[in-house]
Amino acid sequence: MNYAEAVEYLQSFPDMERGTHGSRAPSMSLETMKSLLTALDNPQNGRHTIHVTGSKGKGSTSWMISSILTEAGFDTALYTSPHMHSYRERLAFNGVPVSEERFTRGLSDIREIVDQEIKNGAGPFSTFGILTALFFYLVSKSDPPIQWQIVEVGLGGRYDATNVFDTKDVAVITAISLEHTEILGSTQSEIAANKAGIITPGCFTVLGPQKDPAVRSAIGRKCHHVGAALVDVKRSYKIKSQKADLTGSTFSLEGMKGPQVFHTPMIGAHQIDNAATAAVCAMGMMERGVEITTQNIVDGLAKAKLEGRFELMSGRGTDRPDEPTIVLDGAHNHESAQALGMALRNMLGRPMCTFILGVNNDKNISAIYRELASIAKNVITTRSTNLRAMDPQDIAEALDMQSKIDVVTTQNVGEAIDKALETAVKDDVICITGSLYLVAEAREYLNKTRLAKAEKTT
């Protein structure tokens, strides 16, 4: 098996948690996941574990925690989803995506067991579930041994394929909002109760800043029930933004021991909440004897940055200041769109933007656009190559009912970018959003176009 064959094998399964094969199918059950891990000799065990869930910000927060632990000198492994360009990005060791060779060898090792489980009647299986098993397998075989694994939940918490630990060191819960209500519950309290399913007896639990007090109550009840210590970031600390610009945000955290100042290169007020959650997690670990210093937290946060989250590709704040400003952001629900809109206003001086919008079928495009409409000059609808991408014409029809501006329809992100750049001038802002899948394709197209231009001029 080579890497291309490994990817083909993974894609032969429906990615049920992420739904890349059309309509959503039932998730890979915990029973199936645990059966597979048992057949692999339970590779998820044998090291310290931090489990991260939430509706938004869990990917950023996971990366920040991993970066802090790496700065502290620990060998770390990080499991996140979805990816931007390659499945390898989901499995990172000491902040670096796993190599093609290691990825392929690991999948080759576990394939026979996966196939045998299927033959024995276990299932259904999913791409996400097999990747989860692959992550744990590679971690268990790592040399030097992995000391800390940071595992991001795929969907929800209680029944997620990653929720396979009897005990863990830390459970982290980032901001919770209404999402996947057909699966997780119709209220934020119900969704919080589902996500609280990752909390195990005696683990240290960190609750990131929340808008709905019912979330805190649901998490608090679970912690009380299983005897888990809870730190509510918003209640226990004062978070103060000190400086915010296109280089990121500087903020202070003030608790019982006085204020501490941190910087994150991630842009937007919501990223301050994520960074504060990661910092409180690390400080709580320090108090519990983990060898982390405050300087490790400072340095770890300063180095943690993710692609596709208010990422500037050109224009202001980049090495291409004479070009229109292009912003990539994977905002895929109304709350993340609200955070994006706020960041655009605060960071770019309330610009009138050309929005390139593409979402998946299960997203509420009207709610997303409502958060961006006040700064929309033009809208170009498009789609990613994801099989669940909404038809651009359907997006346009939904926007026509709430938009006073013309909406242009295109069939792929390259066409949409070219259309936006036809009339754009230096001071214009183009924002590509609605899906990380769309953002990844936009990123690839822009880089490919620039490379072709550079080769033409040399």
# chains A, B, ... in the order shown; residues from 1 in each chain; ligands from 1
call {"tool": "residues_around", "arguments": {"residues": "Cys203 (chain A)", "least_positions_apart": "5", "cutoff": "9 Å", "atoms": "only C-alpha atoms", "output": "list in words"}}
result
Thr167, Lys168, Asp169, Val170, Ala171, Cys223, Val226, Gly227, Ala228, Ala229 and Leu230 of chain A
call {"tool": "write_last_selection", "arguments": {"atoms": "C-alpha atoms", "output": "mmCIF file, in the first residue's frame"}}
result
data_model
loop_
_atom_site.group_PDB
_atom_site.id
_atom_site.type_symbol
_atom_site.label_atom_id
_atom_site.label_comp_id
_atom_site.auth_asym_id
_atom_site.auth_seq_id
_atom_site.Cartn_x
_atom_site.Cartn_y
_atom_site.Cartn_z
ATOM 1 C CA THR A 167 -10.312 7.820 32.832
ATOM 2 C CA LYS A 168 -8.465 10.864 31.550
ATOM 3 C CA ASP A 169 -6.483 13.721 33.013
ATOM 4 C CA VAL A 170 -8.348 16.701 31.576
ATOM 5 C CA ALA A 171 -11.673 17.384 29.833
ATOM 6 C CA CYS A 223 -18.833 17.163 37.320
ATOM 7 C CA VAL A 226 -18.716 11.951 38.858
ATOM 8 C CA GLY A 227 -16.497 13.854 41.264
ATOM 9 C CA ALA A 228 -14.595 15.901 38.692
ATOM 10 C CA ALA A 229 -13.037 19.258 39.595
ATOM 11 C CA LEU A 230 -14.448 22.113 37.477
#
call {"tool": "residues_around", "arguments": {"residues": "Pro392 (chain A)", "least_positions_apart": "5", "cutoff": "7 Å", "atoms": "only C-alpha atoms", "output": "mmCIF file with N, CA and C atoms, in the first residue's frame"}}
result
data_model
loop_
_atom_site.group_PDB
_atom_site.id
_atom_site.type_symbol
_atom_site.label_atom_id
_atom_site.label_comp_id
_atom_site.auth_asym_id
_atom_site.auth_seq_id
_atom_site.Cartn_x
_atom_site.Cartn_y
_atom_site.Cartn_z
ATOM 1 N N THR A 381 -21.853 33.252 -4.748
ATOM 2 C CA THR A 381 -22.068 31.919 -4.181
ATOM 3 C C THR A 381 -21.299 30.888 -4.985
ATOM 4 N N THR A 382 -20.856 29.844 -4.310
ATOM 5 C CA THR A 382 -20.081 28.804 -4.982
ATOM 6 C C THR A 382 -20.200 27.516 -4.189
ATOM 7 N N ARG A 383 -19.409 26.517 -4.547
ATOM 8 C CA ARG A 383 -19.443 25.255 -3.833
ATOM 9 C C ARG A 383 -18.046 24.640 -3.804
ATOM 10 N N THR A 409 -23.754 33.736 -9.035
ATOM 11 C CA THR A 409 -23.579 32.302 -8.803
ATOM 12 C C THR A 409 -22.430 31.756 -9.638
ATOM 13 N N THR A 410 -21.553 30.964 -8.995
ATOM 14 C CA THR A 410 -20.474 30.277 -9.704
ATOM 15 C C THR A 410 -20.470 28.808 -9.275
ATOM 16 N N GLN A 411 -19.754 27.973 -10.010
ATOM 17 C CA GLN A 411 -19.805 26.532 -9.755
ATOM 18 C C GLN A 411 -18.566 25.968 -9.069
#
call {"tool": "select_by_dssp", "arguments": {"residues": "region 140-340 of chain A", "states": "strand (DSSP E)", "output": "NGL selection string"}}
result
:A and (148-152 or 170-173 or 204-207 or 229-232 or 238-245 or 248-255 or 258-264 or 311-314 or 325-329)
call {"tool": "write_last_selection", "arguments": {"atoms": "N, CA and C atoms", "output": "short mmCIF file (atom, residue, chain, number, x, y, z; two decimals), in the first residue's frame"}}
result
data_model
loop_
_atom_site.label_atom_id
_atom_site.label_comp_id
_atom_site.auth_asym_id
_atom_site.auth_seq_id
_atom_site.Cartn_x
_atom_site.Cartn_y
_atom_site.Cartn_z
N TRP A 148 1.75 12.93 26.30
CA TRP A 148 0.42 13.54 26.35
C TRP A 148 -0.24 13.42 24.99
N GLN A 149 -1.49 12.95 24.97
CA GLN A 149 -2.28 12.97 23.75
C GLN A 149 -3.46 13.92 23.95
N ILE A 150 -3.66 14.79 22.96
CA ILE A 150 -4.76 15.74 22.98
C ILE A 150 -5.72 15.31 21.89
N VAL A 151 -6.95 14.99 22.27
CA VAL A 151 -7.90 14.38 21.35
C VAL A 151 -9.13 15.28 21.21
N GLU A 152 -9.37 15.76 20.00
CA GLU A 152 -10.55 16.58 19.73
C GLU A 152 -11.72 15.68 19.35
N VAL A 170 -7.67 15.41 31.76
CA VAL A 170 -8.35 16.70 31.58
C VAL A 170 -9.46 16.57 30.54
N ALA A 171 -10.60 17.20 30.81
CA ALA A 171 -11.67 17.38 29.83
C ALA A 171 -11.84 18.88 29.62
N VAL A 172 -11.82 19.31 28.37
CA VAL A 172 -11.96 20.73 28.04
C VAL A 172 -13.21 20.91 27.19
N ILE A 173 -14.04 21.89 27.57
CA ILE A 173 -15.29 22.15 26.84
C ILE A 173 -15.28 23.61 26.41
N PHE A 204 -9.87 16.60 35.70
CA PHE A 204 -9.89 18.07 35.81
C PHE A 204 -10.65 18.60 34.60
N THR A 205 -11.71 19.36 34.83
CA THR A 205 -12.56 19.84 33.75
C THR A 205 -12.45 21.36 33.61
N VAL A 206 -12.23 21.82 32.39
CA VAL A 206 -12.12 23.26 32.10
C VAL A 206 -13.27 23.64 31.19
N LEU A 207 -14.08 24.59 31.63
CA LEU A 207 -15.21 25.09 30.84
C LEU A 207 -14.87 26.47 30.30
N ALA A 229 -13.26 17.85 39.27
CA ALA A 229 -13.04 19.26 39.59
C ALA A 229 -13.35 20.12 38.37
N LEU A 230 -14.04 21.23 38.58
CA LEU A 230 -14.45 22.11 37.48
C LEU A 230 -13.88 23.50 37.67
N VAL A 231 -13.26 24.03 36.60
CA VAL A 231 -12.87 25.44 36.56
C VAL A 231 -13.63 26.10 35.43
N ASP A 232 -14.47 27.06 35.78
CA ASP A 232 -15.21 27.85 34.80
C ASP A 232 -14.37 29.08 34.49
N LYS A 238 -10.78 37.07 35.17
CA LYS A 238 -11.15 38.25 34.38
C LYS A 238 -10.29 38.24 33.13
N ILE A 239 -10.94 38.23 31.98
CA ILE A 239 -10.22 38.25 30.71
C ILE A 239 -10.31 39.65 30.13
N LYS A 240 -9.15 40.28 29.93
CA LYS A 240 -9.14 41.65 29.41
C LYS A 240 -8.28 41.73 28.16
N SER A 241 -8.90 42.19 27.07
CA SER A 241 -8.15 42.41 25.84
C SER A 241 -7.32 43.68 25.99
N GLN A 242 -6.03 43.58 25.69
CA GLN A 242 -5.14 44.74 25.81
C GLN A 242 -4.79 45.35 24.45
N LYS A 243 -4.63 44.50 23.45
CA LYS A 243 -4.31 44.98 22.12
C LYS A 243 -4.77 43.95 21.11
N ALA A 244 -5.40 44.42 20.04
CA ALA A 244 -5.85 43.52 18.99
C ALA A 244 -5.61 44.17 17.63
N ASP A 245 -4.86 43.49 16.78
CA ASP A 245 -4.61 43.98 15.44
C ASP A 245 -4.38 42.78 14.52
N GLY A 248 -2.56 39.66 15.75
CA GLY A 248 -3.16 38.82 16.77
C GLY A 248 -3.68 39.63 17.94
N SER A 249 -3.78 39.01 19.10
CA SER A 249 -4.38 39.66 20.27
C SER A 249 -3.51 39.44 21.50
N THR A 250 -3.34 40.53 22.26
CA THR A 250 -2.69 40.46 23.57
C THR A 250 -3.77 40.64 24.62
N PHE A 251 -3.77 39.78 25.63
CA PHE A 251 -4.81 39.83 26.65
C PHE A 251 -4.23 39.44 28.00
N SER A 252 -4.96 39.80 29.05
CA SER A 252 -4.54 39.40 30.39
C SER A 252 -5.59 38.49 31.01
N LEU A 253 -5.10 37.61 31.86
CA LEU A 253 -5.94 36.72 32.65
C LEU A 253 -5.67 37.04 34.11
N GLU A 254 -6.70 37.45 34.83
CA GLU A 254 -6.50 37.79 36.23
C GLU A 254 -7.31 36.86 37.11
N GLY A 255 -6.60 36.11 37.94
CA GLY A 255 -7.22 35.19 38.88
C GLY A 255 -6.75 35.46 40.29
N GLY A 258 -3.19 37.03 40.66
CA GLY A 258 -2.88 38.25 39.93
C GLY A 258 -2.90 38.05 38.43
N PRO A 259 -2.68 39.13 37.65
CA PRO A 259 -2.81 39.03 36.20
C PRO A 259 -1.59 38.42 35.52
N GLN A 260 -1.86 37.70 34.44
CA GLN A 260 -0.82 37.19 33.55
C GLN A 260 -1.16 37.66 32.14
N VAL A 261 -0.14 38.04 31.37
CA VAL A 261 -0.35 38.58 30.03
C VAL A 261 0.11 37.56 28.98
N PHE A 262 -0.74 37.36 27.97
CA PHE A 262 -0.44 36.40 26.91
C PHE A 262 -0.74 37.03 25.55
N HIS A 263 -0.16 36.44 24.51
CA HIS A 263 -0.44 36.88 23.14
C HIS A 263 -0.74 35.67 22.28
N THR A 264 -1.75 35.80 21.42
CA THR A 264 -2.04 34.77 20.43
C THR A 264 -2.02 35.39 19.04
N GLU A 311 -7.49 33.90 8.15
CA GLU A 311 -6.15 33.88 7.55
C GLU A 311 -6.08 34.90 6.42
N LEU A 312 -5.09 35.77 6.50
CA LEU A 312 -4.91 36.82 5.49
C LEU A 312 -3.98 36.28 4.40
N MET A 313 -4.51 36.25 3.18
CA MET A 313 -3.74 35.73 2.05
C MET A 313 -3.06 36.85 1.25
N SER A 314 -3.59 38.05 1.33
CA SER A 314 -3.00 39.20 0.64
C SER A 314 -3.56 40.47 1.25
N THR A 325 -7.29 42.86 -0.11
CA THR A 325 -7.19 42.00 1.08
C THR A 325 -8.10 40.79 0.91
N ILE A 326 -7.51 39.61 0.99
CA ILE A 326 -8.28 38.36 0.91
C ILE A 326 -8.20 37.65 2.25
N VAL A 327 -9.37 37.40 2.84
CA VAL A 327 -9.47 36.74 4.14
C VAL A 327 -10.12 35.38 3.95
N LEU A 328 -9.51 34.34 4.52
CA LEU A 328 -10.09 33.00 4.53
C LEU A 328 -10.55 32.67 5.95
N ASP A 329 -11.79 32.23 6.09
CA ASP A 329 -12.28 31.84 7.41
C ASP A 329 -13.34 30.76 7.26
#
call {"tool": "residues_around", "arguments": {"residues": "Thr38 (chain A)", "least_positions_apart": "6", "cutoff": "12 Å", "atoms": "only C-alpha atoms", "output": "MDAnalysis selection string"}}
result
chainID A and resid 30:32 44:45 113:114 117 133 136:137 164
call {"tool": "atom_distance", "arguments": {"atom1": "CA of Met64 (chain A)", "atom2": "CA of Met266 (chain A)"}}
result
10.2 Å
call {"tool": "residues_around", "arguments": {"residues": "Phe355 (chain A)", "least_positions_apart": "4", "cutoff": "8 Å", "atoms": "only C-alpha atoms", "output": "PyMOL selection string"}}
result
chain A and resi 376-380+430-433
call {"tool": "closest_residue", "arguments": {"among": "A:Gln147, A:Ser177, A:Thr104, A:Ser55", "to": "Leu78 (chain A)", "atoms": "only C-alpha atoms"}}
result
A:Gln147
call {"tool": "closest_residue", "arguments": {"among": "A:Ser140, A:Ser435, A:Ser86, A:Thr247", "to": "Ile356 (chain A)", "atoms": "only C-alpha atoms"}}
result
A:Ser435
call {"tool": "closest_residue", "arguments": {"among": "A:Arg235, A:Thr294, A:Cys353, A:Met285", "to": "Thr49 (chain A)", "atoms": "only C-alpha atoms"}}
result
A:Met285
call {"tool": "closest_residue", "arguments": {"among": "A:Val233, A:Ala269, A:Gly300, A:Ser67", "to": "Gly284 (chain A)", "atoms": "only C-alpha atoms"}}
result
A:Val233
